[in-house]
Each structure stands twice: as structure tokens, then as C-alpha cells.
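Asker: Data: my_file-v9.cif, mmCIF, C-alpha atoms, pLDDT in the B column; chains and numbers go by the auth columns.
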```cif
data_start
#
loop_
_atom_site.group_PDB
_atom_site.id
_atom_site.type_symbol
_atom_site.label_atom_id
_atom_site.label_comp_id
_atom_site.label_asym_id
_atom_site.label_seq_id
_atom_site.Cartn_x
_atom_site.Cartn_y
_atom_site.Cartn_z
_atom_site.B_iso_or_equiv
_atom_site.auth_seq_id
_atom_site.auth_asym_id
ATOM 1 C CA MET A 1 0.000 0.000 0.000 68.00 56 A
ATOM 2 C CA ARG A 2 2.815 2.388 0.875 81.00 57 A
ATOM 3 C CA PRO A 3 4.547 2.108 -2.582 75.00 58 A
ATOM 4 C CA LEU A 4 1.223 2.922 -4.252 74.00 59 A
ATOM 5 C CA LEU A 5 0.851 6.070 -2.108 71.00 60 A
ATOM 6 C CA ILE A 6 4.405 7.162 -2.934 77.00 61 A
ATOM 7 C CA LEU A 7 3.778 6.559 -6.638 67.00 62 A
ATOM 8 C CA MET A 8 0.569 8.617 -6.501 69.00 63 A
ATOM 9 C CA LEU A 9 2.363 11.481 -4.741 68.00 64 A
ATOM 10 C CA LEU A 10 5.148 11.443 -7.333 68.00 65 A
ATOM 11 C CA CYS A 11 2.599 11.521 -10.162 65.00 66 A
ATOM 12 C CA ALA A 12 0.772 14.421 -8.524 65.00 67 A
ATOM 13 C CA ALA A 13 4.031 16.343 -8.069 67.00 68 A
ATOM 14 C CA PHE A 14 5.010 15.721 -11.696 71.00 69 A
ATOM 15 C CA GLY A 15 1.566 16.843 -12.912 66.00 70 A
ATOM 16 C CA ALA A 16 1.762 20.010 -10.803 62.00 71 A
ATOM 17 C CA HIS A 17 5.213 20.744 -12.235 64.00 72 A
ATOM 18 C CA GLN A 18 3.970 20.313 -15.815 70.00 73 A
ATOM 19 C CA LEU A 19 0.969 22.540 -15.135 62.00 74 A
ATOM 20 C CA TRP A 20 3.238 25.222 -13.649 62.00 75 A
ATOM 21 C CA GLN A 21 5.499 25.143 -16.737 67.00 76 A
ATOM 22 C CA LYS A 22 2.524 25.637 -19.068 62.00 77 A
ATOM 23 C CA ARG A 23 1.226 28.471 -16.886 57.00 78 A
ATOM 24 C CA GLU A 24 4.605 30.243 -17.028 55.00 79 A
ATOM 25 C CA ALA A 25 4.762 29.906 -20.822 53.00 80 A
ATOM 26 C CA ALA A 26 1.256 31.309 -21.194 49.00 81 A
ATOM 27 C CA ARG A 27 2.082 34.189 -18.849 52.00 82 A
ATOM 28 C CA ALA A 28 5.206 35.026 -20.861 48.00 83 A
ATOM 29 C CA ALA A 29 3.108 35.332 -24.001 47.00 84 A
ATOM 30 C CA ALA A 30 0.296 37.310 -22.361 52.00 85 A
ATOM 31 C CA PHE A 31 1.232 40.945 -21.917 57.00 86 A
ATOM 32 C CA ASP A 32 0.007 44.443 -22.511 61.00 87 A
ATOM 33 C CA ALA A 33 0.088 44.977 -26.282 66.00 88 A
ATOM 34 C CA THR A 34 -0.127 48.763 -25.875 72.00 89 A
ATOM 35 C CA ALA A 35 3.282 49.191 -24.258 82.00 90 A
ATOM 36 C CA PHE A 36 6.887 48.219 -24.794 88.00 91 A
ATOM 37 C CA VAL A 37 7.739 45.048 -22.860 86.00 92 A
ATOM 38 C CA PRO A 38 11.130 43.697 -21.744 87.00 93 A
ATOM 39 C CA VAL A 39 12.485 40.999 -24.067 85.00 94 A
ATOM 40 C CA HIS A 40 15.709 39.213 -24.921 81.00 95 A
ATOM 41 C CA MET A 41 17.157 41.082 -27.882 81.00 96 A
ATOM 42 C CA PRO A 42 17.565 39.016 -31.045 80.00 97 A
ATOM 43 C CA SER A 43 21.090 38.317 -32.268 80.00 98 A
ATOM 44 C CA GLY A 44 22.909 41.055 -34.156 79.00 99 A
ATOM 45 C CA MET A 45 20.936 43.977 -32.741 79.00 100 A
ATOM 46 C CA GLN A 46 23.141 46.693 -31.282 80.00 101 A
ATOM 47 C CA ARG A 47 22.353 48.865 -28.290 83.00 102 A
ATOM 48 C CA ASN A 48 21.078 52.409 -28.940 85.00 103 A
ATOM 49 C CA THR A 49 19.697 51.496 -32.351 90.00 104 A
ATOM 50 C CA VAL A 50 16.004 51.013 -33.063 92.00 105 A
ATOM 51 C CA PHE A 51 15.296 47.875 -35.098 90.00 106 A
ATOM 52 C CA VAL A 52 12.094 47.865 -37.099 90.00 107 A
ATOM 53 C CA LEU A 53 10.988 44.467 -38.395 84.00 108 A
ATOM 54 C CA ALA A 54 8.669 44.238 -41.358 81.00 109 A
ATOM 55 C CA PRO A 55 8.506 42.348 -44.649 75.00 110 A
ATOM 56 C CA PRO A 56 10.654 43.945 -47.370 74.00 111 A
ATOM 57 C CA ASN A 57 9.093 45.417 -50.534 73.00 112 A
ATOM 58 C CA CYS A 58 5.530 44.996 -49.344 69.00 113 A
ATOM 59 C CA PRO A 59 2.754 47.401 -50.436 69.00 114 A
ATOM 60 C CA SER A 60 0.499 46.569 -47.464 77.00 115 A
ATOM 61 C CA ASP A 61 -0.789 48.917 -44.796 81.00 116 A
ATOM 62 C CA GLN A 62 1.775 47.413 -42.393 79.00 117 A
ATOM 63 C CA ALA A 63 4.584 48.313 -44.777 79.00 118 A
ATOM 64 C CA GLN A 64 3.302 51.872 -45.111 83.00 119 A
ATOM 65 C CA ARG A 65 3.227 52.219 -41.299 87.00 120 A
ATOM 66 C CA THR A 66 6.757 50.823 -41.197 88.00 121 A
ATOM 67 C CA GLU A 67 8.045 53.377 -43.707 88.00 122 A
ATOM 68 C CA ALA A 68 6.329 56.228 -41.851 91.00 123 A
ATOM 69 C CA LEU A 69 7.829 55.063 -38.544 92.00 124 A
ATOM 70 C CA ILE A 70 11.337 54.807 -40.010 91.00 125 A
ATOM 71 C CA ARG A 71 10.975 58.257 -41.567 93.00 126 A
ATOM 72 C CA ASP A 72 9.732 59.829 -38.308 94.00 127 A
ATOM 73 C CA LEU A 73 12.534 58.235 -36.279 93.00 128 A
ATOM 74 C CA GLY A 74 15.097 59.502 -38.778 92.00 129 A
ATOM 75 C CA ILE A 75 13.681 63.025 -38.536 94.00 130 A
ATOM 76 C CA ALA A 76 13.981 62.773 -34.726 93.00 131 A
ATOM 77 C CA GLY A 77 17.650 61.808 -35.097 93.00 132 A
ATOM 78 C CA ILE A 78 17.183 58.281 -33.754 93.00 133 A
ATOM 79 C CA PRO A 79 19.426 55.605 -35.309 93.00 134 A
ATOM 80 C CA VAL A 80 17.131 53.096 -36.975 92.00 135 A
ATOM 81 C CA ARG A 81 17.665 49.921 -38.980 89.00 136 A
ATOM 82 C CA ARG A 82 15.067 47.905 -40.847 87.00 137 A
ATOM 83 C CA GLU A 83 15.187 44.117 -40.672 82.00 138 A
ATOM 84 C CA SER A 84 12.952 41.373 -42.038 80.00 139 A
ATOM 85 C CA GLY A 85 13.509 38.627 -39.461 78.00 140 A
ATOM 86 C CA ILE A 86 14.968 37.707 -36.084 78.00 141 A
ATOM 87 C CA ALA A 87 17.127 34.930 -34.695 78.00 142 A
ATOM 88 C CA PHE A 88 18.419 34.019 -31.253 80.00 143 A
ATOM 89 C CA ASP A 89 21.895 32.528 -30.824 82.00 144 A
ATOM 90 C CA ILE A 90 22.038 31.306 -27.222 81.00 145 A
ATOM 91 C CA GLU A 91 23.549 28.091 -25.922 84.00 146 A
ATOM 92 C CA ASN A 92 21.898 26.624 -22.832 86.00 147 A
ATOM 93 C CA PRO A 93 19.488 29.497 -22.130 84.00 148 A
ATOM 94 C CA THR A 94 18.297 30.062 -18.578 89.00 149 A
ATOM 95 C CA ASP A 95 14.611 29.987 -17.679 89.00 150 A
ATOM 96 C CA ALA A 96 14.577 33.798 -17.530 87.00 151 A
ATOM 97 C CA GLN A 97 16.163 34.041 -20.991 85.00 152 A
ATOM 98 C CA MET A 98 13.607 31.581 -22.374 88.00 153 A
ATOM 99 C CA ARG A 99 10.731 33.645 -20.952 87.00 154 A
ATOM 100 C CA ASP A 100 12.209 36.801 -22.526 84.00 155 A
ATOM 101 C CA ILE A 101 12.702 35.015 -25.857 84.00 156 A
ATOM 102 C CA ASP A 102 9.124 33.690 -25.751 86.00 157 A
ATOM 103 C CA ARG A 103 7.904 37.241 -25.105 85.00 158 A
ATOM 104 C CA ALA A 104 10.017 38.590 -28.008 84.00 159 A
ATOM 105 C CA ILE A 105 8.530 35.992 -30.346 83.00 160 A
ATOM 106 C CA ALA A 106 5.007 36.732 -29.076 86.00 161 A
ATOM 107 C CA VAL A 107 5.534 40.415 -29.888 85.00 162 A
ATOM 108 C CA PHE A 108 6.840 39.450 -33.343 81.00 163 A
ATOM 109 C CA LYS A 109 3.724 37.344 -33.997 83.00 164 A
ATOM 110 C CA ARG A 110 1.390 40.290 -33.287 83.00 165 A
ATOM 111 C CA GLY A 111 2.225 41.841 -36.645 79.00 166 A
ATOM 112 C CA ALA A 112 4.393 44.406 -38.360 80.00 167 A
ATOM 113 C CA PRO A 113 5.980 46.714 -37.769 88.00 168 A
ATOM 114 C CA VAL A 114 7.696 45.251 -34.727 90.00 169 A
ATOM 115 C CA VAL A 115 10.179 47.491 -32.937 92.00 170 A
ATOM 116 C CA TYR A 116 13.079 46.316 -30.744 90.00 171 A
ATOM 117 C CA VAL A 117 15.097 48.844 -28.773 91.00 172 A
ATOM 118 C CA ASN A 118 17.526 48.317 -25.886 90.00 173 A
ATOM 119 C CA GLY A 119 15.834 45.213 -24.473 88.00 174 A
ATOM 120 C CA LEU A 120 12.272 46.364 -25.158 91.00 175 A
ATOM 121 C CA ALA A 121 9.824 45.399 -27.913 90.00 176 A
ATOM 122 C CA MET A 122 6.378 46.371 -29.174 92.00 177 A
ATOM 123 C CA SER A 123 4.221 45.580 -32.163 90.00 178 A
ATOM 124 C CA ASN A 124 2.978 48.531 -34.208 89.00 179 A
ATOM 125 C CA PRO A 125 4.074 51.385 -31.919 92.00 180 A
ATOM 126 C CA SER A 126 3.711 55.025 -32.825 91.00 181 A
ATOM 127 C CA ALA A 127 6.800 57.131 -33.457 91.00 182 A
ATOM 128 C CA GLU A 128 6.178 58.919 -30.134 92.00 183 A
ATOM 129 C CA GLN A 129 6.045 55.608 -28.229 92.00 184 A
ATOM 130 C CA THR A 130 9.223 54.429 -29.931 92.00 185 A
ATOM 131 C CA ILE A 131 11.103 57.662 -29.223 91.00 186 A
ATOM 132 C CA ALA A 132 10.004 57.559 -25.564 91.00 187 A
ATOM 133 C CA ALA A 133 11.117 53.914 -25.246 90.00 188 A
ATOM 134 C CA TYR A 134 14.455 54.743 -26.886 90.00 189 A
ATOM 135 C CA ARG A 135 15.126 57.686 -24.605 87.00 190 A
ATOM 136 C CA GLY A 136 13.766 55.944 -21.519 84.00 191 A
ATOM 137 C CA SER A 137 15.961 52.892 -22.053 72.00 192 A
ATOM 138 C CA GLY A 138 19.224 54.756 -22.236 67.00 193 A
ATOM 139 C CA GLY A 139 19.201 55.939 -25.839 60.00 194 A
ATOM 140 C CA ARG A 140 21.665 58.738 -26.539 54.00 195 A
ATOM 141 C CA ARG A 141 19.471 61.406 -28.121 48.00 196 A
#
```
Please express what this file holds, its structure, as C-alpha cells.
Answerer:
Amino acid sequence: MRPLLILMLLCAAFGAHQLWQKREAARAAAFDATAFVPVHMPSGMQRNTVFVLAPPNCPSDQAQRTEALIRDLGIAGIPVRRESGIAFDIENPTDAQMRDIDRAIAVFKRGAPVVYVNGLAMSNPSAEQTIAAYRGSGGRR
């Protein structure tokens, strides 16, 4: 009888652990879409540069918003670079890094343009929001 009780307790503990992991993943993806959120920066993105991700040579409304955002940031004197994709090059990421990467990907999936700046990201921000995030996160201008 005692081995059966121990086995049941182990199964319950394992189930609780699995449920907790799923809850953490869902929480990492659920965030306020109207604000910049902390993320792990994709590979190749330098500090103090705004990275705007959007499909290249696209005539869509998203592409027009992207071009307007890039233009407005340039007028404000903010260094900006347009990209069409992201990648993460991390060996043995920690749990915190995985949560930040999951959040970065969730932002990316919300639609273009996606803006990454100094460890923050947002989908479809205004130029004013982007400039405030840049300056608030240690941007030079």
C-alpha cells in the first residue's frame, strides 16, 4: 500500500510541475500589447539602435506604417535599422532568458511593424512611443 501512495504522490508532483510550466509559458506570451515590454534582444541587434521588423518590398498597410515610422525616427535623429527577421543565438538558455525570448517571439507574432530597442519590444508602436522607449531605455538622443 505504501509504494502505491508514494507513486501517486510522485505523479501528482510531476503533474503540478507540468501545469506550472505551461502556466509560465502562457504568462510570458500574455502581456500588454499597448506598451513596450522587456524581451531578450535578437542576435545582431546593437544597443542604442532602433530595429524595425517588417517584410521587405511589401505594399500593405503594415509596410506603409513601417516606412512612416522609419521616416519619423530619422527626422527625430534616432538611429534606426530595418530588418525582415529575427534569430536568437544562445547556448543553454536560462529559464529567464527563455521567458524573454518567448515574449520577443510573441511580440513578433502580433504583426508588423515590430520594434526592438535596448531590451524592449512592441508591435505597431507610434513614433512617439518608440522615441520615448528609446530615450527611456538609455538611448543617446
Asker: I need the residue set behind the PyMOL selection byres ((chain A and resi 171) around 12) for this file; please write it as a PyMOL selection string.
Answerer: chain A and resi 91-109+135-138+140-141+158-160+162-163+167-170+172-180+184-186+188-189+192
Asker: Hey, can you check how far CA of Asp155 in chain A sits from CA of Gln117 in chain A?
Answerer: 24.8 Å
Asker: Restricting the calculation to all atoms listed in the file, which member of A:Ser181, A:Gln73, A:Met153, A:Asn112 is positioned closest to Arg126 in chain A?
Answerer: A:Ser181
